[in-house]
Amino acid sequence: MLGKMKKNYELYLLILIPVAYFTIFKYWPMYGVQIAFKDFVASKGVWGSEWVGLEHFQRFFESYNFKQIVGNTLLLSLLNLAIAFPFPIIVAIMLNQLRQQKMKKFIQTTIYAPYFISTVVLVGMLFIFLSPTSGLINHIVTAFGGEPIMFMGEEKWFRPLYIFSSVWQETGFASVIYLAALAGIDPHLHEAAVMDGASKWHRIRHIDLPGIAPTIIVLFIMAVGNLMNVGFEKAFLMQTDLNVATSEIIPTYVYKVGIQRAEYSFSAAIGLFNSVINLILLVIVNKTTKRISGKGLF
């Protein structure tokens, strides 16, 4: 064993950094999860604080806004998954069909660029473009005889804007993975299909989609396993006093309870509940896809 390690020491040094990262920032913080079951007092420390069992979980389940917060999180996550997840697949397949390389590179660069815009800047752009007084969108609405719309102040607009901005910002980056999977498909399959008279649609359906199916399955399982972790930053920045009924989700609620109100144990309990739900969903979806397709994440 030591001999192999000495022989391949470069590889072990290379893997040392990610191992240290996950150990320090992912596994070591699990030590603090126990405060979810304690009445944590900073002066007493984690071990010195009193155990209270499931009291914080019970408090969250019995709170007046439990259904609203969990419902908002689930609905926003499911809508985002149903709408945003297929877009990169569609875009990748369409780009793969383009034969003009200059046009292909131009489109790919155009849709890839928004990924590099920070969340803060993106939300700032939304507020500017959707302003009821000076926003470009409302200028267009009023030009056609309509009334200005308070997009960021009405509850019904929060979810569409959140999902639309996610699709616009993340589709280009996500499509790169599917383009790489499509590039790995044997071109002789397409040549043989063309010789047999197959149309583009038939080649997409019987060659491209089956070829990238393993990639789709893995990314879908990972997306479902992260279902309850809706992007905190964007939801929090888009949240206003007028749309809080639909924009209040578990991550934003945990921030308000844990950071603003300093209820560390209560917020840790909510965060742990969220993580357990994600774990259960991950295991269920992984087993389901294994039974259906024979492929899974683990």
# chains A, B, ... in the order shown; residues from 1 in each chain; ligands from 1
>>> residues_around(residues="A:Ile117", least_positions_apart="3", cutoff="12 Å", atoms="only C-alpha atoms", output="PyMOL selection string")
chain A and resi 111-114+120-125+165-166+168-170+173
>>> write_last_selection(atoms="C-alpha atoms", output="PDB file, in the first residue's frame")
ATOM      1  CA  ILE A 111     -26.876  32.027 -23.979  1.00  0.00           C
ATOM      2  CA  TYR A 112     -23.805  31.091 -21.923  1.00  0.00           C
ATOM      3  CA  ALA A 113     -22.901  34.699 -20.985  1.00  0.00           C
ATOM      4  CA  PRO A 114     -25.754  35.340 -18.473  1.00  0.00           C
ATOM      5  CA  VAL A 120     -27.189  40.591  -7.013  1.00  0.00           C
ATOM      6  CA  VAL A 121     -26.736  42.183 -10.435  1.00  0.00           C
ATOM      7  CA  LEU A 122     -29.430  39.953 -11.943  1.00  0.00           C
ATOM      8  CA  VAL A 123     -32.018  40.953  -9.341  1.00  0.00           C
ATOM      9  CA  GLY A 124     -30.985  44.585  -9.729  1.00  0.00           C
ATOM     10  CA  MET A 125     -31.657  44.278 -13.454  1.00  0.00           C
ATOM     11  CA  SER A 165     -34.662  34.529 -14.599  1.00  0.00           C
ATOM     12  CA  SER A 166     -33.341  31.053 -13.693  1.00  0.00           C
ATOM     13  CA  TRP A 168     -32.339  32.830 -18.759  1.00  0.00           C
ATOM     14  CA  GLN A 169     -29.285  32.683 -16.506  1.00  0.00           C
ATOM     15  CA  GLU A 170     -28.605  28.942 -16.178  1.00  0.00           C
ATOM     16  CA  PHE A 173     -24.207  26.677 -18.713  1.00  0.00           C
TER      17      PHE A 173
END
>>> closest_atom_pairs(of="stretch 37-140 of chain A", to="stretch 29-32 of chain A", cutoff="12 Å", atoms="only C-alpha atoms", output="tab-separated table")
residue	atom	partner	partner_atom	distance
A:Phe37	CA	A:Gly32	CA	10.3
A:Lys38	CA	A:Gly32	CA	10.5
A:Phe40	CA	A:Gly32	CA	10.3
A:Gly45	CA	A:Gly32	CA	10.3
A:Val46	CA	A:Gly32	CA	7.3
A:Trp47	CA	A:Gly32	CA	9.8
A:Ser49	CA	A:Gly32	CA	11.9
>>> write_last_selection(atoms="N, CA, C and O atoms", output="PDB file, in the first residue's frame")
ATOM      1  N   PHE A  37     -31.134  20.049  18.610  1.00  0.00           N
ATOM      2  CA  PHE A  37     -31.789  19.300  19.683  1.00  0.00           C
ATOM      3  C   PHE A  37     -31.465  19.888  21.059  1.00  0.00           C
ATOM      4  O   PHE A  37     -31.713  19.259  22.080  1.00  0.00           O
ATOM      5  N   LYS A  38     -30.896  21.099  21.073  1.00  0.00           N
ATOM      6  CA  LYS A  38     -30.522  21.749  22.323  1.00  0.00           C
ATOM      7  C   LYS A  38     -31.079  23.165  22.377  1.00  0.00           C
ATOM      8  O   LYS A  38     -31.470  23.730  21.357  1.00  0.00           O
ATOM      9  N   PHE A  40     -29.559  26.131  22.600  1.00  0.00           N
ATOM     10  CA  PHE A  40     -28.184  26.614  22.483  1.00  0.00           C
ATOM     11  C   PHE A  40     -28.021  28.010  23.074  1.00  0.00           C
ATOM     12  O   PHE A  40     -28.762  28.941  22.752  1.00  0.00           O
ATOM     13  N   GLY A  45     -21.713  27.232  25.136  1.00  0.00           N
ATOM     14  CA  GLY A  45     -21.135  26.396  24.095  1.00  0.00           C
ATOM     15  C   GLY A  45     -22.076  25.286  23.666  1.00  0.00           C
ATOM     16  O   GLY A  45     -23.173  25.116  24.220  1.00  0.00           O
ATOM     17  N   VAL A  46     -21.642  24.511  22.689  1.00  0.00           N
ATOM     18  CA  VAL A  46     -22.491  23.436  22.151  1.00  0.00           C
ATOM     19  C   VAL A  46     -22.708  22.340  23.186  1.00  0.00           C
ATOM     20  O   VAL A  46     -23.839  21.915  23.433  1.00  0.00           O
ATOM     21  N   TRP A  47     -21.625  21.879  23.822  1.00  0.00           N
ATOM     22  CA  TRP A  47     -21.749  20.773  24.773  1.00  0.00           C
ATOM     23  C   TRP A  47     -22.416  21.214  26.081  1.00  0.00           C
ATOM     24  O   TRP A  47     -23.090  20.418  26.734  1.00  0.00           O
ATOM     25  N   SER A  49     -24.821  23.460  26.478  1.00  0.00           N
ATOM     26  CA  SER A  49     -26.228  23.827  26.338  1.00  0.00           C
ATOM     27  C   SER A  49     -27.138  22.653  26.684  1.00  0.00           C
ATOM     28  O   SER A  49     -26.770  21.488  26.526  1.00  0.00           O
TER      29      SER A  49
END
>>> closest_residue(among="A:Gly184, A:Ile177, A:Leu189, A:Ile204", to="A:Pro88", atoms="only C-alpha atoms")
A:Ile177
>>> closest_residue(among="A:Asn72, A:Gln34, A:Gln108, A:Ser118", to="A:Met94", atoms="only C-alpha atoms")
A:Gln108
>>> closest_residue(among="A:Ala235, A:Ile90, A:Leu13, A:Ile137", to="A:Leu209", atoms="only C-alpha atoms")
A:Ile90
>>> select_by_dssp(residues="stretch 12-173 of chain A", states="alpha helix (DSSP H)", output="ChimeraX atom specification")
/A:12-22,45-48,55-61,66-84,86-97,101-112,119-129,136-143,155-173
>>> closest_residue(among="A:Leu126, A:Val52, A:Leu11, A:Val41", to="A:Ala262", atoms="only C-alpha atoms")
A:Val41
>>> closest_residue(among="A:Tyr21, A:Ile69, A:Lys234, A:Leu136", to="A:Asn274", atoms="only C-alpha atoms")
A:Ile69
>>> atom_distance(atom1="atom CA of A:Asn278", atom2="atom CA of A:Gln68")
18.4 Å
>>> residues_around(residues="A:Gly153", least_positions_apart="6", cutoff="7 Å", atoms="only C-alpha atoms", output="compact mmCIF listing (two decimals) with all heavy atoms, in the first residue's frame")
# COMPACT_ATOMS: atom_id res chain seq x y z
N THR A 240 -40.01 41.25 -1.18
CA THR A 240 -40.44 42.55 -0.67
C THR A 240 -41.58 42.33 0.32
O THR A 240 -42.12 41.22 0.42
CB THR A 240 -40.92 43.47 -1.81
OG1 THR A 240 -42.10 42.90 -2.41
CG2 THR A 240 -39.86 43.65 -2.88
N LEU A 242 -44.46 43.24 0.01
CA LEU A 242 -45.72 43.04 -0.72
C LEU A 242 -45.84 41.64 -1.30
O LEU A 242 -46.96 41.16 -1.52
CB LEU A 242 -45.84 44.08 -1.85
CG LEU A 242 -45.88 45.55 -1.40
CD1 LEU A 242 -45.88 46.47 -2.61
CD2 LEU A 242 -47.12 45.81 -0.54
N ASN A 243 -44.72 40.96 -1.56
CA ASN A 243 -44.80 39.62 -2.14
C ASN A 243 -44.35 38.52 -1.19
O ASN A 243 -44.13 37.38 -1.61
CB ASN A 243 -43.99 39.55 -3.44
CG ASN A 243 -42.49 39.72 -3.22
OD1 ASN A 243 -41.98 39.61 -2.10
ND2 ASN A 243 -41.77 39.99 -4.28
>>> closest_residue(among="A:Pro214, A:Gln97, A:Ile35, A:Lys67", to="A:Leu54", atoms="only C-alpha atoms")
A:Ile35
>>> decode(residues="stretch 90-101 of chain A", atoms="all heavy atoms", output="mmCIF file, in the first residue's frame")
data_model
loop_
_atom_site.group_PDB
_atom_site.id
_atom_site.type_symbol
_atom_site.label_atom_id
_atom_site.label_comp_id
_atom_site.auth_asym_id
_atom_site.auth_seq_id
_atom_site.Cartn_x
_atom_site.Cartn_y
_atom_site.Cartn_z
ATOM 1 N N ILE A 90 -33.232 20.689 -24.440
ATOM 2 C CA ILE A 90 -33.783 21.142 -25.722
ATOM 3 C C ILE A 90 -32.776 22.016 -26.462
ATOM 4 O O ILE A 90 -32.548 21.846 -27.671
ATOM 5 C CB ILE A 90 -35.101 21.907 -25.493
ATOM 6 C CG1 ILE A 90 -36.147 20.984 -24.864
ATOM 7 C CG2 ILE A 90 -35.626 22.494 -26.796
ATOM 8 C CD1 ILE A 90 -37.392 21.698 -24.368
ATOM 9 N N VAL A 91 -32.165 22.955 -25.733
ATOM 10 C CA VAL A 91 -31.195 23.864 -26.348
ATOM 11 C C VAL A 91 -29.986 23.091 -26.870
ATOM 12 O O VAL A 91 -29.494 23.351 -27.988
ATOM 13 C CB VAL A 91 -30.752 24.940 -25.332
ATOM 14 C CG1 VAL A 91 -29.558 25.729 -25.860
ATOM 15 C CG2 VAL A 91 -31.897 25.887 -25.024
ATOM 16 N N ALA A 92 -29.490 22.133 -26.099
ATOM 17 C CA ALA A 92 -28.321 21.350 -26.511
ATOM 18 C C ALA A 92 -28.616 20.546 -27.778
ATOM 19 O O ALA A 92 -27.789 20.478 -28.696
ATOM 20 C CB ALA A 92 -27.893 20.423 -25.380
ATOM 21 N N ILE A 93 -29.795 19.945 -27.838
ATOM 22 C CA ILE A 93 -30.166 19.160 -29.026
ATOM 23 C C ILE A 93 -30.303 20.063 -30.250
ATOM 24 O O ILE A 93 -29.862 19.722 -31.358
ATOM 25 C CB ILE A 93 -31.472 18.384 -28.763
ATOM 26 C CG1 ILE A 93 -31.218 17.267 -27.740
ATOM 27 C CG2 ILE A 93 -32.029 17.794 -30.052
ATOM 28 C CD1 ILE A 93 -32.471 16.544 -27.299
ATOM 29 N N MET A 94 -30.898 21.240 -30.066
ATOM 30 C CA MET A 94 -31.042 22.173 -31.180
ATOM 31 C C MET A 94 -29.688 22.675 -31.672
ATOM 32 O O MET A 94 -29.441 22.759 -32.882
ATOM 33 C CB MET A 94 -31.922 23.355 -30.752
ATOM 34 C CG MET A 94 -33.373 22.984 -30.493
ATOM 35 S SD MET A 94 -34.355 24.353 -29.821
ATOM 36 C CE MET A 94 -34.338 25.484 -31.202
ATOM 37 N N LEU A 95 -28.796 23.000 -30.735
ATOM 38 C CA LEU A 95 -27.458 23.447 -31.130
ATOM 39 C C LEU A 95 -26.680 22.337 -31.819
ATOM 40 O O LEU A 95 -25.900 22.592 -32.744
ATOM 41 C CB LEU A 95 -26.679 23.927 -29.895
ATOM 42 C CG LEU A 95 -27.084 25.273 -29.302
ATOM 43 C CD1 LEU A 95 -26.346 25.528 -27.995
ATOM 44 C CD2 LEU A 95 -26.805 26.407 -30.282
ATOM 45 N N ASN A 96 -26.898 21.117 -31.382
ATOM 46 C CA ASN A 96 -26.189 19.977 -31.970
ATOM 47 C C ASN A 96 -26.601 19.740 -33.421
ATOM 48 O O ASN A 96 -25.840 19.157 -34.201
ATOM 49 C CB ASN A 96 -26.466 18.725 -31.138
ATOM 50 C CG ASN A 96 -25.556 17.572 -31.507
ATOM 51 O OD1 ASN A 96 -24.327 17.689 -31.461
ATOM 52 N ND2 ASN A 96 -26.150 16.445 -31.888
ATOM 53 N N GLN A 97 -27.798 20.202 -33.769
ATOM 54 C CA GLN A 97 -28.293 20.020 -35.137
ATOM 55 C C GLN A 97 -27.787 21.099 -36.092
ATOM 56 O O GLN A 97 -27.898 20.942 -37.306
ATOM 57 C CB GLN A 97 -29.829 20.017 -35.138
ATOM 58 C CG GLN A 97 -30.450 18.837 -34.416
ATOM 59 C CD GLN A 97 -30.099 17.502 -35.058
ATOM 60 O OE1 GLN A 97 -30.099 17.378 -36.271
ATOM 61 N NE2 GLN A 97 -29.785 16.519 -34.226
ATOM 62 N N LEU A 98 -27.236 22.185 -35.539
ATOM 63 C CA LEU A 98 -26.735 23.262 -36.400
ATOM 64 C C LEU A 98 -25.442 22.833 -37.091
ATOM 65 O O LEU A 98 -24.548 22.280 -36.455
ATOM 66 C CB LEU A 98 -26.465 24.526 -35.577
ATOM 67 C CG LEU A 98 -27.692 25.344 -35.140
ATOM 68 C CD1 LEU A 98 -27.257 26.498 -34.259
ATOM 69 C CD2 LEU A 98 -28.453 25.872 -36.352
ATOM 70 N N ARG A 99 -25.359 23.101 -38.360
ATOM 71 C CA ARG A 99 -24.163 22.741 -39.126
ATOM 72 C C ARG A 99 -23.249 23.947 -39.347
ATOM 73 O O ARG A 99 -22.078 23.794 -39.647
ATOM 74 C CB ARG A 99 -24.581 22.141 -40.471
ATOM 75 C CG ARG A 99 -25.236 20.782 -40.327
ATOM 76 C CD ARG A 99 -24.258 19.750 -39.791
ATOM 77 N NE ARG A 99 -24.911 18.500 -39.431
ATOM 78 C CZ ARG A 99 -25.210 18.155 -38.195
ATOM 79 N NH1 ARG A 99 -24.926 18.993 -37.193
ATOM 80 N NH2 ARG A 99 -25.777 16.993 -37.943
ATOM 81 N N GLN A 100 -23.784 25.165 -39.220
ATOM 82 C CA GLN A 100 -22.966 26.359 -39.363
ATOM 83 C C GLN A 100 -22.253 26.639 -38.040
ATOM 84 O O GLN A 100 -22.866 27.063 -37.064
ATOM 85 C CB GLN A 100 -23.836 27.557 -39.761
ATOM 86 C CG GLN A 100 -24.500 27.416 -41.118
ATOM 87 C CD GLN A 100 -25.320 28.631 -41.486
ATOM 88 O OE1 GLN A 100 -25.371 29.608 -40.733
ATOM 89 N NE2 GLN A 100 -25.964 28.583 -42.643
ATOM 90 N N GLN A 101 -20.970 26.401 -38.004
ATOM 91 C CA GLN A 101 -20.210 26.490 -36.763
ATOM 92 C C GLN A 101 -20.166 27.909 -36.197
ATOM 93 O O GLN A 101 -20.210 28.099 -34.986
ATOM 94 C CB GLN A 101 -18.778 25.981 -36.996
ATOM 95 C CG GLN A 101 -18.693 24.489 -37.238
ATOM 96 C CD GLN A 101 -19.230 23.675 -36.068
ATOM 97 O OE1 GLN A 101 -18.951 23.965 -34.908
ATOM 98 N NE2 GLN A 101 -20.022 22.663 -36.371
#
